[in-house]
Every structure is written in C-alpha cells, then in structure tokens.
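S.K.: Got a structure for you, my_file_16.txt, holding compact mmCIF, N, CA and C atoms.
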# COMPACT_ATOMS: atom_id res chain seq x y z
N MET K 1 0.84 -1.18 0.00
CA MET K 1 0.00 0.00 0.00
C MET K 1 0.88 1.24 0.00
N ASN K 2 0.52 2.19 -0.85
CA ASN K 2 1.23 3.47 -0.93
C ASN K 2 0.23 4.60 -0.75
N ILE K 3 0.53 5.51 0.18
CA ILE K 3 -0.30 6.70 0.40
C ILE K 3 0.50 7.90 -0.08
N ARG K 4 -0.14 8.73 -0.91
CA ARG K 4 0.55 9.90 -1.47
C ARG K 4 -0.45 11.03 -1.68
N LEU K 5 0.10 12.23 -1.86
CA LEU K 5 -0.75 13.36 -2.23
C LEU K 5 -1.29 13.14 -3.62
N ALA K 6 -2.55 13.48 -3.82
CA ALA K 6 -3.13 13.41 -5.15
C ALA K 6 -2.50 14.48 -6.03
N ASP K 7 -2.46 14.18 -7.32
CA ASP K 7 -1.98 15.17 -8.30
C ASP K 7 -2.91 15.14 -9.51
N LYS K 8 -2.56 15.90 -10.54
CA LYS K 8 -3.44 16.03 -11.72
C LYS K 8 -3.69 14.69 -12.42
N THR K 9 -2.79 13.74 -12.26
CA THR K 9 -3.00 12.44 -12.90
C THR K 9 -4.13 11.65 -12.23
N ASP K 10 -4.58 12.09 -11.06
CA ASP K 10 -5.64 11.40 -10.33
C ASP K 10 -7.03 11.97 -10.60
N VAL K 11 -7.12 13.08 -11.32
CA VAL K 11 -8.40 13.78 -11.49
C VAL K 11 -9.47 12.89 -12.10
N ASP K 12 -9.16 12.18 -13.16
CA ASP K 12 -10.17 11.33 -13.80
C ASP K 12 -10.68 10.26 -12.84
N PHE K 13 -9.77 9.62 -12.12
CA PHE K 13 -10.15 8.60 -11.13
C PHE K 13 -11.07 9.20 -10.07
N LEU K 14 -10.68 10.35 -9.53
CA LEU K 14 -11.46 10.98 -8.47
C LEU K 14 -12.84 11.39 -8.96
N LEU K 15 -12.91 12.01 -10.12
CA LEU K 15 -14.21 12.44 -10.65
C LEU K 15 -15.11 11.27 -11.03
N GLN K 16 -14.51 10.17 -11.40
CA GLN K 16 -15.30 8.99 -11.75
C GLN K 16 -16.12 8.49 -10.57
N TYR K 17 -15.54 8.55 -9.37
CA TYR K 17 -16.18 7.99 -8.19
C TYR K 17 -16.73 9.02 -7.22
N ASP K 18 -16.18 10.22 -7.20
CA ASP K 18 -16.60 11.24 -6.24
C ASP K 18 -17.65 12.14 -6.88
N LYS K 19 -18.91 11.87 -6.59
CA LYS K 19 -20.03 12.63 -7.16
C LYS K 19 -20.45 13.79 -6.26
N HIS K 20 -19.65 14.07 -5.23
CA HIS K 20 -20.00 15.11 -4.27
C HIS K 20 -19.22 16.41 -4.49
N ILE K 21 -18.45 16.49 -5.56
CA ILE K 21 -17.62 17.67 -5.78
C ILE K 21 -17.56 17.98 -7.27
N GLN K 22 -17.62 19.25 -7.59
CA GLN K 22 -17.50 19.70 -8.98
C GLN K 22 -16.02 19.72 -9.36
N LYS K 23 -15.74 19.60 -10.64
CA LYS K 23 -14.35 19.55 -11.11
C LYS K 23 -13.56 20.79 -10.68
N GLU K 24 -14.16 21.97 -10.78
CA GLU K 24 -13.45 23.21 -10.41
C GLU K 24 -13.04 23.19 -8.94
N GLU K 25 -13.95 22.74 -8.08
CA GLU K 25 -13.63 22.67 -6.65
C GLU K 25 -12.58 21.59 -6.39
N LEU K 26 -12.69 20.48 -7.09
CA LEU K 26 -11.69 19.42 -6.94
C LEU K 26 -10.30 19.94 -7.28
N MET K 27 -10.21 20.72 -8.34
CA MET K 27 -8.91 21.27 -8.74
C MET K 27 -8.37 22.21 -7.67
N SER K 28 -9.24 22.99 -7.04
CA SER K 28 -8.81 23.88 -5.95
C SER K 28 -8.29 23.09 -4.76
N VAL K 29 -9.02 22.04 -4.38
CA VAL K 29 -8.62 21.20 -3.26
C VAL K 29 -7.29 20.50 -3.57
N LEU K 30 -7.14 20.11 -4.80
CA LEU K 30 -5.89 19.47 -5.24
C LEU K 30 -4.71 20.42 -5.06
N LEU K 31 -4.89 21.69 -5.45
CA LEU K 31 -3.82 22.68 -5.29
C LEU K 31 -3.49 22.94 -3.82
N LEU K 32 -4.49 22.81 -2.96
CA LEU K 32 -4.27 23.00 -1.52
C LEU K 32 -3.64 21.78 -0.86
N LYS K 33 -3.43 20.72 -1.64
CA LYS K 33 -2.83 19.47 -1.15
C LYS K 33 -3.68 18.84 -0.05
N ARG K 34 -4.99 18.78 -0.33
CA ARG K 34 -5.92 18.24 0.66
C ARG K 34 -6.63 16.97 0.17
N ILE K 35 -5.93 16.21 -0.67
CA ILE K 35 -6.43 14.90 -1.08
C ILE K 35 -5.27 13.92 -1.00
N LEU K 36 -5.49 12.82 -0.31
CA LEU K 36 -4.53 11.73 -0.25
C LEU K 36 -5.10 10.56 -1.04
N VAL K 37 -4.26 9.94 -1.86
CA VAL K 37 -4.66 8.79 -2.66
C VAL K 37 -3.93 7.56 -2.14
N VAL K 38 -4.64 6.44 -2.13
CA VAL K 38 -4.04 5.16 -1.76
C VAL K 38 -3.91 4.32 -3.02
N GLU K 39 -2.72 3.74 -3.19
CA GLU K 39 -2.47 2.85 -4.32
C GLU K 39 -2.09 1.47 -3.81
N GLU K 40 -2.48 0.48 -4.58
CA GLU K 40 -2.06 -0.89 -4.35
C GLU K 40 -1.58 -1.39 -5.71
N LYS K 41 -0.33 -1.81 -5.77
CA LYS K 41 0.29 -2.25 -7.03
C LYS K 41 0.17 -1.18 -8.11
N LYS K 42 0.41 0.07 -7.70
CA LYS K 42 0.41 1.25 -8.57
C LYS K 42 -0.95 1.58 -9.18
N GLU K 43 -2.02 1.01 -8.62
CA GLU K 43 -3.39 1.32 -9.05
C GLU K 43 -4.09 2.08 -7.93
N GLN K 44 -4.82 3.14 -8.29
CA GLN K 44 -5.56 3.90 -7.29
C GLN K 44 -6.72 3.05 -6.78
N ILE K 45 -6.82 2.97 -5.45
CA ILE K 45 -7.89 2.16 -4.86
C ILE K 45 -8.78 2.97 -3.92
N GLY K 46 -8.36 4.18 -3.56
CA GLY K 46 -9.17 4.99 -2.65
C GLY K 46 -8.53 6.33 -2.39
N TRP K 47 -9.25 7.14 -1.63
CA TRP K 47 -8.73 8.47 -1.31
C TRP K 47 -9.40 9.04 -0.06
N LEU K 48 -8.78 10.07 0.47
CA LEU K 48 -9.31 10.87 1.57
C LEU K 48 -9.21 12.33 1.15
N ARG K 49 -10.35 13.02 1.18
CA ARG K 49 -10.39 14.45 0.85
C ARG K 49 -10.81 15.20 2.10
N TRP K 50 -10.12 16.31 2.41
CA TRP K 50 -10.39 17.03 3.64
C TRP K 50 -10.36 18.53 3.42
N ASN K 51 -10.87 19.28 4.41
CA ASN K 51 -10.79 20.74 4.41
C ASN K 51 -10.63 21.22 5.85
N LEU K 52 -10.81 22.50 6.06
CA LEU K 52 -10.75 23.06 7.41
C LEU K 52 -12.13 23.56 7.82
N PHE K 53 -12.70 22.91 8.83
CA PHE K 53 -13.98 23.33 9.40
C PHE K 53 -13.73 24.61 10.19
N TRP K 54 -14.56 25.61 10.01
CA TRP K 54 -14.37 26.91 10.65
C TRP K 54 -13.00 27.51 10.34
N ASP K 55 -12.43 27.11 9.23
CA ASP K 55 -11.12 27.61 8.76
C ASP K 55 -9.95 27.25 9.67
N ASN K 56 -10.17 26.33 10.64
CA ASN K 56 -9.04 26.00 11.53
C ASN K 56 -8.99 24.55 12.00
N THR K 57 -10.04 23.77 11.77
CA THR K 57 -10.07 22.39 12.28
C THR K 57 -10.13 21.40 11.12
N PRO K 58 -9.13 20.54 10.95
CA PRO K 58 -9.14 19.56 9.87
C PRO K 58 -10.39 18.66 9.94
N PHE K 59 -11.04 18.53 8.79
CA PHE K 59 -12.32 17.82 8.69
C PHE K 59 -12.28 16.90 7.47
N ILE K 60 -12.49 15.61 7.69
CA ILE K 60 -12.54 14.66 6.58
C ILE K 60 -13.87 14.83 5.86
N ASN K 61 -13.80 15.23 4.60
CA ASN K 61 -15.01 15.39 3.78
C ASN K 61 -15.40 14.09 3.10
N MET K 62 -14.42 13.32 2.68
CA MET K 62 -14.71 12.11 1.91
C MET K 62 -13.62 11.08 2.14
N LEU K 63 -14.04 9.90 2.49
CA LEU K 63 -13.14 8.75 2.59
C LEU K 63 -13.79 7.67 1.75
N PHE K 64 -13.10 7.19 0.73
CA PHE K 64 -13.71 6.26 -0.22
C PHE K 64 -12.69 5.23 -0.68
N PHE K 65 -13.14 3.98 -0.76
CA PHE K 65 -12.34 2.90 -1.33
C PHE K 65 -13.19 2.11 -2.31
N LEU K 66 -12.55 1.65 -3.36
CA LEU K 66 -13.24 0.77 -4.29
C LEU K 66 -13.69 -0.48 -3.54
N GLU K 67 -14.80 -1.05 -3.96
CA GLU K 67 -15.43 -2.17 -3.25
C GLU K 67 -14.48 -3.31 -2.85
N PRO K 68 -13.61 -3.79 -3.73
CA PRO K 68 -12.75 -4.92 -3.33
C PRO K 68 -11.76 -4.61 -2.21
N TYR K 69 -11.58 -3.33 -1.89
CA TYR K 69 -10.57 -2.93 -0.90
C TYR K 69 -11.19 -2.47 0.42
N ARG K 70 -12.49 -2.61 0.55
CA ARG K 70 -13.16 -2.20 1.79
C ARG K 70 -13.03 -3.28 2.85
N ASN K 71 -13.06 -2.85 4.11
CA ASN K 71 -13.01 -3.77 5.27
C ASN K 71 -11.74 -4.60 5.30
N GLN K 72 -10.63 -4.01 4.85
CA GLN K 72 -9.35 -4.71 4.87
C GLN K 72 -8.26 -3.92 5.60
N GLY K 73 -8.65 -2.82 6.25
CA GLY K 73 -7.69 -2.04 7.01
C GLY K 73 -7.12 -0.84 6.27
N TYR K 74 -7.43 -0.71 5.00
CA TYR K 74 -6.90 0.43 4.23
C TYR K 74 -7.43 1.76 4.78
N GLY K 75 -8.72 1.81 5.09
CA GLY K 75 -9.31 3.05 5.60
C GLY K 75 -8.70 3.48 6.92
N ALA K 76 -8.54 2.54 7.82
CA ALA K 76 -7.93 2.86 9.13
C ALA K 76 -6.50 3.35 8.95
N ALA K 77 -5.76 2.71 8.05
CA ALA K 77 -4.38 3.13 7.80
C ALA K 77 -4.33 4.53 7.20
N LEU K 78 -5.25 4.82 6.29
CA LEU K 78 -5.26 6.14 5.66
C LEU K 78 -5.65 7.22 6.66
N VAL K 79 -6.66 6.98 7.47
CA VAL K 79 -7.07 7.97 8.47
C VAL K 79 -5.95 8.20 9.47
N SER K 80 -5.28 7.14 9.89
CA SER K 80 -4.16 7.27 10.82
C SER K 80 -3.04 8.11 10.21
N PHE K 81 -2.72 7.87 8.95
CA PHE K 81 -1.70 8.64 8.24
C PHE K 81 -2.09 10.11 8.20
N TRP K 82 -3.35 10.39 7.87
CA TRP K 82 -3.86 11.76 7.80
C TRP K 82 -3.80 12.44 9.17
N GLU K 83 -4.21 11.73 10.22
CA GLU K 83 -4.16 12.29 11.57
C GLU K 83 -2.74 12.63 11.97
N LYS K 84 -1.79 11.76 11.64
CA LYS K 84 -0.39 12.02 11.98
C LYS K 84 0.11 13.29 11.28
N GLN K 85 -0.26 13.47 10.04
CA GLN K 85 0.13 14.69 9.32
C GLN K 85 -0.47 15.93 9.98
N ARG K 86 -1.73 15.86 10.37
CA ARG K 86 -2.38 17.02 11.00
C ARG K 86 -1.72 17.32 12.34
N LYS K 87 -1.39 16.28 13.10
CA LYS K 87 -0.72 16.47 14.39
C LYS K 87 0.63 17.14 14.20
N GLU K 88 1.38 16.70 13.19
CA GLU K 88 2.69 17.30 12.90
C GLU K 88 2.56 18.77 12.51
N GLU K 89 1.41 19.16 11.97
CA GLU K 89 1.15 20.56 11.64
C GLU K 89 0.73 21.38 12.85
N GLY K 90 0.54 20.71 13.99
CA GLY K 90 0.19 21.41 15.22
C GLY K 90 -1.29 21.36 15.58
N HIS K 91 -2.10 20.65 14.81
CA HIS K 91 -3.52 20.52 15.15
C HIS K 91 -3.68 19.56 16.32
N GLN K 92 -4.66 19.85 17.16
CA GLN K 92 -4.94 19.00 18.31
C GLN K 92 -6.30 18.31 18.24
N LEU K 93 -7.09 18.70 17.24
CA LEU K 93 -8.43 18.17 17.09
C LEU K 93 -8.72 17.98 15.60
N VAL K 94 -9.37 16.85 15.27
CA VAL K 94 -9.84 16.61 13.90
C VAL K 94 -11.31 16.25 13.96
N MET K 95 -11.98 16.39 12.81
CA MET K 95 -13.41 16.15 12.75
C MET K 95 -13.79 15.38 11.48
N THR K 96 -14.97 14.82 11.51
CA THR K 96 -15.61 14.27 10.32
C THR K 96 -17.10 14.15 10.61
N SER K 97 -17.85 13.68 9.62
CA SER K 97 -19.27 13.43 9.82
C SER K 97 -19.71 12.32 8.89
N THR K 98 -20.85 11.75 9.20
CA THR K 98 -21.44 10.72 8.36
C THR K 98 -22.94 10.69 8.61
N LEU K 99 -23.67 10.20 7.64
CA LEU K 99 -25.12 10.07 7.81
C LEU K 99 -25.42 8.93 8.78
N ALA K 100 -26.47 9.10 9.54
CA ALA K 100 -26.85 8.10 10.55
C ALA K 100 -27.22 6.76 9.92
N ASN K 101 -27.58 6.75 8.66
CA ASN K 101 -27.95 5.49 8.01
C ASN K 101 -26.76 4.84 7.29
N GLU K 102 -25.56 5.35 7.51
CA GLU K 102 -24.35 4.78 6.92
C GLU K 102 -23.55 4.03 7.98
N THR K 103 -22.89 2.97 7.55
CA THR K 103 -22.09 2.19 8.50
C THR K 103 -20.78 2.88 8.88
N ALA K 104 -20.42 3.95 8.18
CA ALA K 104 -19.17 4.65 8.48
C ALA K 104 -19.11 5.14 9.92
N GLN K 105 -20.26 5.41 10.53
CA GLN K 105 -20.26 5.88 11.92
C GLN K 105 -19.57 4.87 12.84
N HIS K 106 -19.76 3.59 12.58
CA HIS K 106 -19.14 2.56 13.40
C HIS K 106 -17.63 2.50 13.17
N PHE K 107 -17.23 2.71 11.93
CA PHE K 107 -15.81 2.76 11.56
C PHE K 107 -15.11 3.88 12.35
N TYR K 108 -15.69 5.08 12.33
CA TYR K 108 -15.05 6.20 13.03
C TYR K 108 -15.03 6.00 14.54
N ARG K 109 -16.07 5.43 15.08
CA ARG K 109 -16.06 5.16 16.53
C ARG K 109 -14.97 4.16 16.89
N LYS K 110 -14.73 3.17 16.06
CA LYS K 110 -13.64 2.22 16.31
C LYS K 110 -12.28 2.91 16.31
N LEU K 111 -12.19 4.02 15.57
CA LEU K 111 -10.94 4.79 15.50
C LEU K 111 -10.90 5.87 16.57
N HIS K 112 -11.79 5.77 17.57
CA HIS K 112 -11.83 6.65 18.74
C HIS K 112 -12.35 8.05 18.43
N TYR K 113 -13.14 8.17 17.37
CA TYR K 113 -13.86 9.43 17.14
C TYR K 113 -15.10 9.40 18.04
N VAL K 114 -15.43 10.56 18.59
CA VAL K 114 -16.52 10.68 19.55
C VAL K 114 -17.63 11.53 18.96
N ASP K 115 -18.87 11.10 19.17
CA ASP K 115 -20.01 11.87 18.70
C ASP K 115 -19.94 13.27 19.30
N ALA K 116 -20.19 14.28 18.46
CA ALA K 116 -20.07 15.66 18.92
C ALA K 116 -21.29 16.50 18.58
N GLY K 117 -22.31 15.89 18.01
CA GLY K 117 -23.50 16.64 17.65
C GLY K 117 -24.06 16.12 16.33
N ALA K 118 -25.12 16.76 15.89
CA ALA K 118 -25.77 16.30 14.67
C ALA K 118 -26.48 17.47 13.99
N LEU K 119 -26.81 17.23 12.73
CA LEU K 119 -27.50 18.22 11.92
C LEU K 119 -28.59 17.50 11.16
N LEU K 120 -29.77 18.06 11.15
CA LEU K 120 -30.88 17.45 10.44
C LEU K 120 -31.35 18.42 9.36
N LEU K 121 -31.08 18.07 8.11
CA LEU K 121 -31.52 18.88 6.97
C LEU K 121 -32.82 18.30 6.42
N PRO K 122 -33.66 19.13 5.86
CA PRO K 122 -34.94 18.65 5.32
C PRO K 122 -34.73 17.52 4.30
N GLY K 123 -35.46 16.42 4.50
CA GLY K 123 -35.43 15.32 3.57
C GLY K 123 -34.19 14.46 3.61
N GLU K 124 -33.32 14.68 4.58
CA GLU K 124 -32.06 13.93 4.69
C GLU K 124 -32.02 13.18 6.01
N PRO K 125 -31.28 12.04 6.05
CA PRO K 125 -31.04 11.39 7.35
C PRO K 125 -30.17 12.29 8.23
N LEU K 126 -30.16 12.02 9.50
CA LEU K 126 -29.36 12.78 10.46
C LEU K 126 -27.88 12.70 10.10
N GLU K 127 -27.22 13.83 10.10
CA GLU K 127 -25.76 13.90 9.87
C GLU K 127 -25.11 13.96 11.25
N ILE K 128 -24.28 12.95 11.57
CA ILE K 128 -23.61 12.87 12.86
C ILE K 128 -22.20 13.43 12.73
N PHE K 129 -21.84 14.35 13.60
CA PHE K 129 -20.49 14.92 13.60
C PHE K 129 -19.65 14.22 14.66
N PHE K 130 -18.39 13.98 14.32
CA PHE K 130 -17.45 13.31 15.21
C PHE K 130 -16.20 14.16 15.38
N ILE K 131 -15.61 14.08 16.57
CA ILE K 131 -14.33 14.74 16.84
C ILE K 131 -13.36 13.72 17.42
N LYS K 132 -12.07 14.04 17.30
CA LYS K 132 -11.04 13.22 17.92
C LYS K 132 -9.89 14.13 18.30
N GLU K 133 -9.47 14.03 19.56
CA GLU K 133 -8.28 14.76 20.00
C GLU K 133 -7.05 13.98 19.58
N ILE K 134 -6.07 14.68 18.99
CA ILE K 134 -4.85 14.04 18.53
C ILE K 134 -3.62 14.67 19.16
N LYS K 135 -3.75 15.13 20.38
CA LYS K 135 -2.66 15.82 21.10
C LYS K 135 -1.43 14.95 21.21
Can I see the file as structure tokens?
M.R.:
Amino acid sequence: MNIRLADKTDVDFLLQYDKHIQKEELMSVLLLKRILVVEEKKEQIGWLRWNLFWDNTPFINMLFFLEPYRNQGYGAALVSFWEKQRKEEGHQLVMTSTLANETAQHFYRKLHYVDAGALLLPGEPLEIFFIKEIK
C-alpha cells in the first residue's frame, strides 16, 4: 500500500467515483494538497479528501475505497496517516461526519472518534459529527 498526495493524474479517477464535488472545486482542493490517494500495485484504490472546518479544524469530507478494498484495514491506515500529518502541523483536534444510516459511523467510533452533535436537513437522514483529539 502506498499513500501519497493526489496530483493532476488522479483527477479522472477521483471524478469517476466522487459525485460530491465539482471539477473546479476538486482542482482547488488538489492545489491546496488536501487529497490523499491510496495505491495498491500502482493502481488507485481509494482516497481521503479534507478541508478546514471553521477555517481551523481539519475535517474529513470524503473517505472512499473501491469495493474490493473495503473492510481490509486500508481506511484505518489512511485515516491514521492523515491524523499524523495534521498532528505534525500542530492541530490537536480533527473532525468528520457521516449520515446516521451509513455504517461509516461505526468505523469512526472504532478509531476513537466521539459523537459531537448532529445536523438534520430537510429530507435527509441525520448527519452525525465526530471529533477526535490528537494531542
């Protein structure tokens, strides 16, 4: 497994699977170096895209792996790698969220993320917010 910063060669792969971001925004996030790609045998198998919540707290926006690579430890390794980078930058807290009807909530709790609140938008399942101290 290889974890690296995404670059322009990853754009087609990312846009193929990430339907939550427009190409222009993806290019901006790419320039900010806020996408990590995971490769196995030099093939892209997943990624983590993040931003800064309230302009100061690292927040995982998207964690995705192709179906054959799920539930094999790649996600935990990628999140751990990302947390270590944020800690080295001096951050003490990281965040993420997931819909209440998604199994990702259990994944984040196993990684010691703690429920920190929720948001209910019209016509959507509850969005659960998680925090983790990385001091």
S.K.: Can you check which parts of range 62-99 of chain K lie within 10 Å of range 9-18 of chain K? Per residue, the shortest pair of atoms and distance in Å to one decimal, counting only C-alpha atoms, sorted by chain and number, as CSV.
M.R.:
residue,atom,partner,partner_atom,distance
K:Met62,CA,K:Asp18,CA,8.4
K:Leu63,CA,K:Asp18,CA,9.8
K:Phe64,CA,K:Asp18,CA,8.3
K:Phe65,CA,K:Tyr17,CA,9.4
K:Leu66,CA,K:Tyr17,CA,8.7
S.K.: Skip range 31-36 of chain K itself and residues of its chain fewer than 6 positions away, then list as a PyMOL selection string all residues within 6 Å of it, counting only N, CA and C atoms.
M.R.: chain K and resi 4-6+46-50
S.K.: Extract, using only N, CA and C atoms, all DNA, RNA and protein residues at most 6 Å from Thr98 in chain K, discarding same-chain residues fewer than 5 positions from it, and format them as a PyMOL selection string.
M.R.: chain K and resi 105+126-129
S.K.: With DSSP run on the backbone, what are the helix (DSSP H, G or I) residues within chain K? I'd like them as a PyMOL selection string.
M.R.: chain K and resi 8-17+23-31+67-69+74-88+104-110
S.K.: Counting only C-alpha atoms, which residue out of K:Asn51, K:Ser28, K:Thr103, K:Ser97 sits closest to Trp82 in chain K?
M.R.: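 Between K:Asn51, K:Ser28, K:Thr103, K:Ser97, the residue approaching Trp82 in chain K most closely is K:Asn51.
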S.K.: Identify, on the basis of all atoms listed in the file, every residue whose closest approach to Lys84 in chain K does not exceed 8 Å; exclude the query and any residue fewer than 6 positions from it along the same chain; express the result as an MDAnalysis selection string.
M.R.: chainID K and resid 78 90 134
S.K.: Would you save the residues of that selection, restricted to N, CA and C atoms, as a PDB file, in the frame of the given file?
M.R.:
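Heads up, here's the output in out.pdb:
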ATOM      1  N   LEU K  78      -5.250   4.820   6.290  1.00  0.00           N
ATOM      2  CA  LEU K  78      -5.260   6.140   5.660  1.00  0.00           C
ATOM      3  C   LEU K  78      -5.650   7.220   6.660  1.00  0.00           C
ATOM      4  N   GLY K  90       0.540  20.710  13.990  1.00  0.00           N
ATOM      5  CA  GLY K  90       0.190  21.410  15.220  1.00  0.00           C
ATOM      6  C   GLY K  90      -1.290  21.360  15.580  1.00  0.00           C
ATOM      7  N   ILE K 134      -6.070  14.680  18.990  1.00  0.00           N
ATOM      8  CA  ILE K 134      -4.850  14.040  18.530  1.00  0.00           C
ATOM      9  C   ILE K 134      -3.620  14.670  19.160  1.00  0.00           C
TER      10      ILE K 134
END
